[in-house]
$ cat data.txt   # compact mmCIF, C-alpha atoms
# COMPACT_ATOMS: atom_id res chain seq x y z
CA MET H 81 -205.03 -108.73 67.86
CA VAL H 82 -201.31 -109.15 68.63
CA ALA H 83 -200.54 -109.18 64.90
CA LYS H 84 -202.51 -105.95 64.49
CA HIS H 85 -200.46 -104.23 67.20
CA LEU H 86 -197.15 -105.57 65.82
CA LEU H 87 -198.08 -104.35 62.35
CA THR H 88 -199.06 -100.99 63.83
CA MET H 89 -195.75 -100.67 65.68
CA LEU H 90 -193.78 -101.64 62.54
CA LEU H 91 -195.70 -99.09 60.50
CA LEU H 92 -195.11 -96.45 63.18
CA ALA H 93 -191.39 -97.13 63.20
CA THR H 94 -191.28 -96.83 59.42
CA LEU H 95 -193.28 -93.61 59.44
CA SER H 96 -191.15 -92.13 62.19
CA PHE H 97 -188.25 -91.89 59.79
CA GLY H 98 -190.36 -90.79 56.80
CA PRO H 99 -191.40 -87.34 55.60
CA ILE H 100 -193.41 -84.99 57.80
CA GLY H 101 -197.01 -84.06 56.97
CA CYS H 102 -199.30 -86.84 55.86
CA ALA H 103 -197.11 -89.50 57.46
CA ALA H 104 -197.14 -87.62 60.77
CA ARG H 105 -200.95 -87.44 60.73
CA LEU H 106 -201.20 -91.15 59.94
CA GLN H 107 -198.68 -91.94 62.67
CA SER H 108 -200.70 -89.86 65.16
CA ALA H 109 -203.93 -91.66 64.23
CA LEU H 110 -202.33 -95.10 64.57
CA VAL H 111 -200.69 -94.24 67.88
CA GLY H 112 -203.96 -92.83 69.18
CA SER H 113 -205.72 -96.07 68.32
CA LEU H 114 -203.00 -98.14 69.99
CA ILE H 115 -203.10 -95.97 73.13
CA GLU H 116 -206.88 -96.34 73.30
CA ASP H 117 -206.65 -100.12 72.87
CA VAL H 118 -204.01 -100.50 75.58
CA SER H 119 -205.95 -98.18 77.90
CA ALA H 120 -209.14 -100.18 77.41
CA ALA H 121 -207.34 -103.49 78.00
CA THR H 122 -205.69 -102.09 81.13
CA ALA H 123 -209.01 -100.83 82.51
CA ARG H 124 -210.60 -104.28 82.03
CA HIS H 125 -207.69 -106.29 83.41
CA ASP H 126 -208.38 -108.24 86.60
CA ASP H 127 -204.79 -108.34 87.91
CA LEU H 128 -204.26 -104.97 89.61
CA ASP H 129 -200.66 -105.80 90.51
CA LEU H 130 -199.84 -106.41 86.85
CA VAL H 131 -201.59 -103.19 85.85
CA ALA H 132 -199.83 -101.19 88.58
CA SER H 133 -196.42 -102.54 87.54
CA GLY H 134 -197.04 -101.98 83.82
CA VAL H 135 -198.51 -98.48 83.88
CA PRO H 136 -195.19 -96.67 84.52
CA THR H 137 -193.74 -98.15 81.33
CA PHE H 138 -196.86 -97.15 79.44
CA LEU H 139 -196.60 -93.61 80.86
CA LEU H 140 -192.98 -93.36 79.71
CA LEU H 141 -194.00 -94.48 76.23
CA LEU H 142 -196.79 -91.91 76.24
CA GLU H 143 -194.36 -89.19 77.36
CA GLY H 144 -192.06 -90.12 74.47
CA LEU H 145 -194.94 -89.81 72.04
CA LEU H 146 -195.78 -86.41 73.52
CA VAL H 147 -192.20 -85.24 72.96
CA ALA H 148 -192.70 -85.97 69.26
CA ASN H 149 -196.30 -84.69 69.19
CA PRO H 150 -196.70 -82.13 72.02
CA GLN H 151 -199.89 -80.67 70.58
CA ASP H 152 -201.69 -83.96 69.91
CA PRO H 153 -205.03 -83.57 71.72
CA GLN H 154 -205.68 -87.32 71.98
CA LEU H 155 -202.24 -88.05 73.46
CA LEU H 156 -202.67 -85.20 75.96
CA LEU H 157 -206.12 -86.48 76.91
CA SER H 158 -204.78 -90.03 77.33
CA ALA H 159 -201.94 -88.72 79.49
CA ALA H 160 -204.37 -86.83 81.72
CA GLU H 161 -206.55 -89.91 82.12
CA ILE H 162 -203.72 -92.37 82.75
CA TYR H 163 -201.71 -90.16 85.12
CA THR H 164 -204.82 -89.40 87.16
CA SER H 165 -205.96 -93.02 87.26
CA TYR H 166 -202.50 -94.29 88.18
CA ALA H 167 -202.13 -91.66 90.91
CA THR H 168 -205.33 -93.02 92.44
CA LEU H 169 -203.69 -96.47 92.60
CA VAL H 170 -200.54 -95.24 94.36
CA GLU H 171 -202.04 -92.52 96.59
CA ALA H 172 -202.59 -94.67 99.68
CA ASP H 173 -199.02 -96.03 99.65
CA ASP H 174 -197.18 -92.93 98.46
CA PRO H 175 -199.12 -89.64 98.77
CA GLU H 176 -196.16 -87.50 97.68
CA ARG H 177 -195.73 -89.49 94.49
CA ALA H 178 -199.46 -89.28 93.88
CA LYS H 179 -199.29 -85.47 94.15
CA HIS H 180 -196.70 -85.39 91.40
CA LEU H 181 -198.70 -87.79 89.21
CA TYR H 182 -201.89 -85.79 89.72
CA TYR H 183 -199.97 -82.65 88.74
CA ARG H 184 -198.84 -84.26 85.48
CA GLY H 185 -202.42 -85.34 84.82
CA LYS H 186 -203.64 -81.81 85.48
CA VAL H 187 -201.05 -80.23 83.17
CA ASN H 188 -201.84 -82.63 80.32
CA GLY H 189 -205.59 -82.28 80.81
CA LEU H 190 -205.45 -78.49 80.76
CA LYS H 191 -203.23 -78.55 77.65
CA ALA H 192 -205.74 -80.83 75.92
CA LEU H 193 -208.57 -78.50 76.89
CA ALA H 194 -206.64 -75.37 75.87
CA LEU H 195 -206.20 -76.78 72.36
CA ARG H 196 -209.97 -76.78 71.95
CA LEU H 197 -210.59 -73.23 73.14
CA SER H 198 -210.62 -70.07 71.06
CA GLN H 199 -209.31 -68.23 74.15
CA PRO H 200 -207.05 -70.70 75.97
CA ASP H 201 -205.71 -67.93 78.24
CA LEU H 202 -209.07 -68.01 80.05
CA LEU H 203 -207.88 -71.17 81.81
CA GLN H 204 -205.32 -69.06 83.70
CA ALA H 205 -207.60 -66.04 84.16
CA PRO H 206 -209.29 -64.99 87.40
CA TYR H 207 -212.60 -66.76 88.01
CA ALA H 208 -214.73 -63.83 86.83
CA GLU H 209 -213.17 -64.23 83.37
CA PHE H 210 -212.65 -68.00 83.56
CA ILE H 211 -216.40 -68.64 83.56
CA ARG H 212 -216.47 -67.71 79.85
CA VAL H 213 -214.39 -70.81 79.09
CA THR H 214 -217.53 -72.92 78.70
CA ASP H 215 -218.88 -70.58 75.99
CA ASP H 216 -216.62 -72.36 73.46
CA LEU H 217 -217.67 -75.86 74.41
CA ASP H 218 -220.24 -78.28 73.05
CA ALA H 219 -221.12 -81.86 73.97
CA SER H 220 -218.30 -83.28 71.81
CA TYR H 221 -215.86 -81.84 74.39
CA LEU H 222 -217.25 -83.89 77.29
CA PRO H 223 -214.29 -86.32 77.55
CA VAL H 224 -211.61 -83.62 77.51
CA VAL H 225 -213.50 -81.38 79.95
CA PHE H 226 -214.15 -84.36 82.23
CA TRP H 227 -210.51 -85.44 82.38
CA ALA H 228 -209.16 -81.90 82.63
CA ALA H 229 -211.51 -81.18 85.53
CA SER H 230 -211.04 -84.59 87.17
CA SER H 231 -207.25 -84.41 87.11
CA TRP H 232 -207.34 -80.80 88.30
CA GLY H 233 -209.74 -81.68 91.11
CA ALA H 234 -207.66 -84.70 92.14
CA TRP H 235 -204.55 -82.49 92.24
CA ILE H 236 -206.41 -80.02 94.48
CA SER H 237 -207.55 -82.84 96.75
CA ALA H 238 -203.99 -84.15 97.05
CA ASN H 239 -202.82 -80.63 97.95
CA ILE H 240 -205.61 -79.82 100.40
CA GLU H 241 -203.16 -78.04 102.73
CA SER H 242 -202.38 -75.46 100.01
CA MET H 243 -204.57 -72.36 99.93
CA ALA H 244 -203.34 -71.67 96.39
CA ALA H 245 -204.59 -75.09 95.26
CA LEU H 246 -207.91 -74.65 97.07
CA ALA H 247 -208.38 -71.28 95.39
CA GLU H 248 -208.60 -73.13 92.05
CA LEU H 249 -211.53 -75.28 93.19
CA PRO H 250 -214.29 -72.96 91.87
CA LYS H 251 -212.89 -73.40 88.35
CA VAL H 252 -213.09 -77.19 88.65
CA ILE H 253 -216.63 -76.93 89.99
CA LYS H 254 -217.58 -74.71 87.02
CA LEU H 255 -216.25 -77.30 84.56
CA MET H 256 -217.95 -80.19 86.38
CA GLN H 257 -221.23 -78.26 86.45
CA TRP H 258 -220.94 -77.77 82.69
CA ILE H 259 -220.50 -81.55 82.31
CA VAL H 260 -223.60 -82.24 84.40
CA ASP H 261 -225.56 -79.66 82.39
CA GLN H 262 -224.54 -81.36 79.14
CA ASP H 263 -225.02 -84.98 80.21
CA GLU H 264 -225.50 -85.87 83.86
CA THR H 265 -224.83 -89.54 83.08
CA PHE H 266 -221.41 -88.92 81.53
CA GLN H 267 -218.67 -91.24 82.90
$ encode --input "data.txt" --output "structure tokens"
Amino acid sequence: MVAKHLLTMLLLATLSFGPIGCAARLQSALVGSLIEDVSAATARHDDLDLVASGVPTFLLLLEGLLVANPQDPQLLLSAAEIYTSYATLVEADDPERAKHLYYRGKVNGLKALALRLSQPDLLQAPYAEFIRVTDDLDASYLPVVFWAASSWGAWISANIESMAALAELPKVIKLMQWIVDQDETFQ
């Protein structure tokens, strides 16, 4: 397993300096696989202190990958999931930091969702128009809708004193209701 990841990283470094196009798509696929593997290992790890101390480095790596691939839906989805999960770990000790982390999760989750919509501007529209956002979705979008809505909802919860944040809650509820309607056992 370690050899696989070392080979992947070597290949990524080589491709980073190669031509754009096919190499960039291959690089994105390999990075996505590595991110998923690290995320899965982190989620299963039994040493929460180790996980908590390692996640910031992982987030910085992920941010670097997003600089190179800002429209990569899998990287954006991973960022939403990891920022939101990490914010949950730090919220009790540092609520202000958690607010910032939840915000980054929300931004990445909404970007990932916007990439899948034919009318991404609906995400910013008033609620009466926003409700059409689910017209574009099918069950294959469950993970991105879940993490976009979860990170958005967590950000609202962390900013409960803000009427502007609370005003966004119906949109989160609409997305969560869509998830339940598609598969009430999801996540």
$ closest_residue --input "data.txt" --among "H:Ala192, H:Thr168, H:Leu128, H:Met256" --to "Pro150 of chain H" --atoms "all atoms listed in the file"
H:Ala192
$ closest_residue --input "data.txt" --among "H:Ala121, H:Ala228, H:Leu222, H:Leu195" --to "Thr164 of chain H" --atoms "all atoms listed in the file"
H:Ala228
$ atom_distance --input "data.txt" --atom1 "atom CA of Arg184 of chain H" --atom2 "atom CA of Trp232 of chain H"
9.6 Å
$ residues_around --input "data.txt" --residues "Pro200 of chain H" --least-positions-apart "2" --cutoff "12 Å" --atoms "only C-alpha atoms" --output "PyMOL selection string"
chain H and resi 190-198+202-205+209-210+212-217
$ atom_distance --input "data.txt" --atom1 "atom CA of Ala178 of chain H" --atom2 "atom CA of Thr137 of chain H"
16.4 Å
$ residues_around --input "data.txt" --residues "Pro136 of chain H" --least-positions-apart "2" --cutoff "12 Å" --atoms "only C-alpha atoms" --output "list in words"
Leu130, Val131, Ala132, Ser133, Gly134, Phe138, Leu139, Leu140, Leu141, Leu142, Glu143, Ala159, Ile162, Tyr163, Ser165, Tyr166, Ala167, Leu169, Val170 and Leu181 of chain H
$ closest_residue --input "data.txt" --among "H:Leu155, H:Ile211, H:Leu255, H:Ala219" --to "Glu116 of chain H" --atoms "all atoms listed in the file"
H:Leu155
$ atom_distance --input "data.txt" --atom1 "atom CA of Val225 of chain H" --atom2 "atom CA of Lys254 of chain H"
10.5 Å
$ residues_around --input "data.txt" --residues "Trp227 of chain H" --least-positions-apart "5" --cutoff "8 Å" --atoms "all atoms listed in the file" --output "PyMOL selection string"
chain H and resi 157+160-161+189
$ write_last_selection --input "data.txt" --atoms "C-alpha atoms" --output "PDB file, keeping the file's coordinate frame"
ATOM      1  CA  LEU H 157    -206.120 -86.480  76.910  1.00  0.00           C
ATOM      2  CA  ALA H 160    -204.370 -86.830  81.720  1.00  0.00           C
ATOM      3  CA  GLU H 161    -206.550 -89.910  82.120  1.00  0.00           C
ATOM      4  CA  GLY H 189    -205.590 -82.280  80.810  1.00  0.00           C
TER       5      GLY H 189
END
$ closest_residue --input "data.txt" --among "H:His180, H:Val187, H:Ile115, H:Val224" --to "Pro153 of chain H" --atoms "only C-alpha atoms"
H:Val224
$ build_atoms --input "data.txt" --residues "segment 117-148 of chain H" --atoms "N, CA and C atoms" --output "PDB file, keeping the file's coordinate frame"
ATOM      1  N   ASP H 117    -206.532 -98.676  72.691  1.00  0.00           N
ATOM      2  CA  ASP H 117    -206.650-100.120  72.870  1.00  0.00           C
ATOM      3  C   ASP H 117    -205.958-100.591  74.145  1.00  0.00           C
ATOM      4  N   VAL H 118    -204.749-100.109  74.376  1.00  0.00           N
ATOM      5  CA  VAL H 118    -204.010-100.500  75.580  1.00  0.00           C
ATOM      6  C   VAL H 118    -204.721 -99.970  76.827  1.00  0.00           C
ATOM      7  N   SER H 119    -205.223 -98.753  76.764  1.00  0.00           N
ATOM      8  CA  SER H 119    -205.950 -98.180  77.900  1.00  0.00           C
ATOM      9  C   SER H 119    -207.188 -99.001  78.226  1.00  0.00           C
ATOM     10  N   ALA H 120    -207.932 -99.380  77.197  1.00  0.00           N
ATOM     11  CA  ALA H 120    -209.140-100.180  77.410  1.00  0.00           C
ATOM     12  C   ALA H 120    -208.795-101.544  77.999  1.00  0.00           C
ATOM     13  N   ALA H 121    -207.755-102.179  77.477  1.00  0.00           N
ATOM     14  CA  ALA H 121    -207.340-103.490  78.000  1.00  0.00           C
ATOM     15  C   ALA H 121    -206.886-103.376  79.448  1.00  0.00           C
ATOM     16  N   THR H 122    -206.168-102.309  79.762  1.00  0.00           N
ATOM     17  CA  THR H 122    -205.690-102.090  81.130  1.00  0.00           C
ATOM     18  C   THR H 122    -206.863-101.886  82.080  1.00  0.00           C
ATOM     19  N   ALA H 123    -207.843-101.113  81.656  1.00  0.00           N
ATOM     20  CA  ALA H 123    -209.010-100.830  82.510  1.00  0.00           C
ATOM     21  C   ALA H 123    -209.809-102.099  82.795  1.00  0.00           C
ATOM     22  N   ARG H 124    -209.829-103.045  81.853  1.00  0.00           N
ATOM     23  CA  ARG H 124    -210.600-104.280  82.030  1.00  0.00           C
ATOM     24  C   ARG H 124    -209.824-105.383  82.730  1.00  0.00           C
ATOM     25  N   HIS H 125    -208.530-105.211  82.876  1.00  0.00           N
ATOM     26  CA  HIS H 125    -207.690-106.290  83.410  1.00  0.00           C
ATOM     27  C   HIS H 125    -208.041-106.580  84.862  1.00  0.00           C
ATOM     28  N   ASP H 126    -208.007-107.862  85.241  1.00  0.00           N
ATOM     29  CA  ASP H 126    -208.380-108.240  86.600  1.00  0.00           C
ATOM     30  C   ASP H 126    -207.192-108.378  87.555  1.00  0.00           C
ATOM     31  N   ASP H 127    -205.980-108.232  87.069  1.00  0.00           N
ATOM     32  CA  ASP H 127    -204.790-108.340  87.910  1.00  0.00           C
ATOM     33  C   ASP H 127    -204.238-106.938  88.180  1.00  0.00           C
ATOM     34  N   LEU H 128    -204.662-106.343  89.293  1.00  0.00           N
ATOM     35  CA  LEU H 128    -204.260-104.970  89.610  1.00  0.00           C
ATOM     36  C   LEU H 128    -202.760-104.828  89.819  1.00  0.00           C
ATOM     37  N   ASP H 129    -202.112-105.866  90.329  1.00  0.00           N
ATOM     38  CA  ASP H 129    -200.660-105.800  90.510  1.00  0.00           C
ATOM     39  C   ASP H 129    -199.950-105.694  89.154  1.00  0.00           C
ATOM     40  N   LEU H 130    -200.416-106.474  88.193  1.00  0.00           N
ATOM     41  CA  LEU H 130    -199.840-106.410  86.850  1.00  0.00           C
ATOM     42  C   LEU H 130    -200.063-105.026  86.240  1.00  0.00           C
ATOM     43  N   VAL H 131    -201.272-104.522  86.377  1.00  0.00           N
ATOM     44  CA  VAL H 131    -201.590-103.190  85.850  1.00  0.00           C
ATOM     45  C   VAL H 131    -200.701-102.144  86.510  1.00  0.00           C
ATOM     46  N   ALA H 132    -200.618-102.193  87.844  1.00  0.00           N
ATOM     47  CA  ALA H 132    -199.830-101.190  88.580  1.00  0.00           C
ATOM     48  C   ALA H 132    -198.352-101.247  88.189  1.00  0.00           C
ATOM     49  N   SER H 133    -197.837-102.443  87.918  1.00  0.00           N
ATOM     50  CA  SER H 133    -196.420-102.540  87.540  1.00  0.00           C
ATOM     51  C   SER H 133    -196.186-102.170  86.077  1.00  0.00           C
ATOM     52  N   GLY H 134    -197.203-102.282  85.241  1.00  0.00           N
ATOM     53  CA  GLY H 134    -197.040-101.980  83.820  1.00  0.00           C
ATOM     54  C   GLY H 134    -197.316-100.538  83.444  1.00  0.00           C
ATOM     55  N   VAL H 135    -198.126 -99.848  84.231  1.00  0.00           N
ATOM     56  CA  VAL H 135    -198.510 -98.480  83.880  1.00  0.00           C
ATOM     57  C   VAL H 135    -197.315 -97.532  83.782  1.00  0.00           C
ATOM     58  N   PRO H 136    -196.320 -97.600  84.677  1.00  0.00           N
ATOM     59  CA  PRO H 136    -195.190 -96.670  84.520  1.00  0.00           C
ATOM     60  C   PRO H 136    -194.498 -96.771  83.160  1.00  0.00           C
ATOM     61  N   THR H 137    -194.343 -97.984  82.647  1.00  0.00           N
ATOM     62  CA  THR H 137    -193.740 -98.150  81.330  1.00  0.00           C
ATOM     63  C   THR H 137    -194.620 -97.521  80.258  1.00  0.00           C
ATOM     64  N   PHE H 138    -195.910 -97.730  80.381  1.00  0.00           N
ATOM     65  CA  PHE H 138    -196.860 -97.150  79.440  1.00  0.00           C
ATOM     66  C   PHE H 138    -196.810 -95.617  79.509  1.00  0.00           C
ATOM     67  N   LEU H 139    -196.696 -95.071  80.710  1.00  0.00           N
ATOM     68  CA  LEU H 139    -196.600 -93.610  80.860  1.00  0.00           C
ATOM     69  C   LEU H 139    -195.327 -93.070  80.216  1.00  0.00           C
ATOM     70  N   LEU H 140    -194.226 -93.792  80.356  1.00  0.00           N
ATOM     71  CA  LEU H 140    -192.980 -93.360  79.710  1.00  0.00           C
ATOM     72  C   LEU H 140    -193.107 -93.390  78.189  1.00  0.00           C
ATOM     73  N   LEU H 141    -193.752 -94.407  77.664  1.00  0.00           N
ATOM     74  CA  LEU H 141    -194.000 -94.480  76.230  1.00  0.00           C
ATOM     75  C   LEU H 141    -194.864 -93.294  75.789  1.00  0.00           C
ATOM     76  N   LEU H 142    -195.899 -93.026  76.543  1.00  0.00           N
ATOM     77  CA  LEU H 142    -196.790 -91.910  76.240  1.00  0.00           C
ATOM     78  C   LEU H 142    -196.038 -90.578  76.283  1.00  0.00           C
ATOM     79  N   GLU H 143    -195.168 -90.412  77.274  1.00  0.00           N
ATOM     80  CA  GLU H 143    -194.360 -89.190  77.360  1.00  0.00           C
ATOM     81  C   GLU H 143    -193.447 -89.053  76.134  1.00  0.00           C
ATOM     82  N   GLY H 144    -192.882 -90.161  75.678  1.00  0.00           N
ATOM     83  CA  GLY H 144    -192.060 -90.120  74.470  1.00  0.00           C
ATOM     84  C   GLY H 144    -192.861 -89.706  73.250  1.00  0.00           C
ATOM     85  N   LEU H 145    -194.068 -90.207  73.153  1.00  0.00           N
ATOM     86  CA  LEU H 145    -194.940 -89.810  72.040  1.00  0.00           C
ATOM     87  C   LEU H 145    -195.294 -88.331  72.130  1.00  0.00           C
ATOM     88  N   LEU H 146    -195.469 -87.833  73.341  1.00  0.00           N
ATOM     89  CA  LEU H 146    -195.780 -86.410  73.520  1.00  0.00           C
ATOM     90  C   LEU H 146    -194.591 -85.517  73.175  1.00  0.00           C
ATOM     91  N   VAL H 147    -193.375 -86.020  73.370  1.00  0.00           N
ATOM     92  CA  VAL H 147    -192.200 -85.240  72.960  1.00  0.00           C
ATOM     93  C   VAL H 147    -192.253 -85.026  71.443  1.00  0.00           C
ATOM     94  N   ALA H 148    -192.624 -86.069  70.720  1.00  0.00           N
ATOM     95  CA  ALA H 148    -192.700 -85.970  69.260  1.00  0.00           C
ATOM     96  C   ALA H 148    -193.948 -85.232  68.787  1.00  0.00           C
TER      97      ALA H 148
END
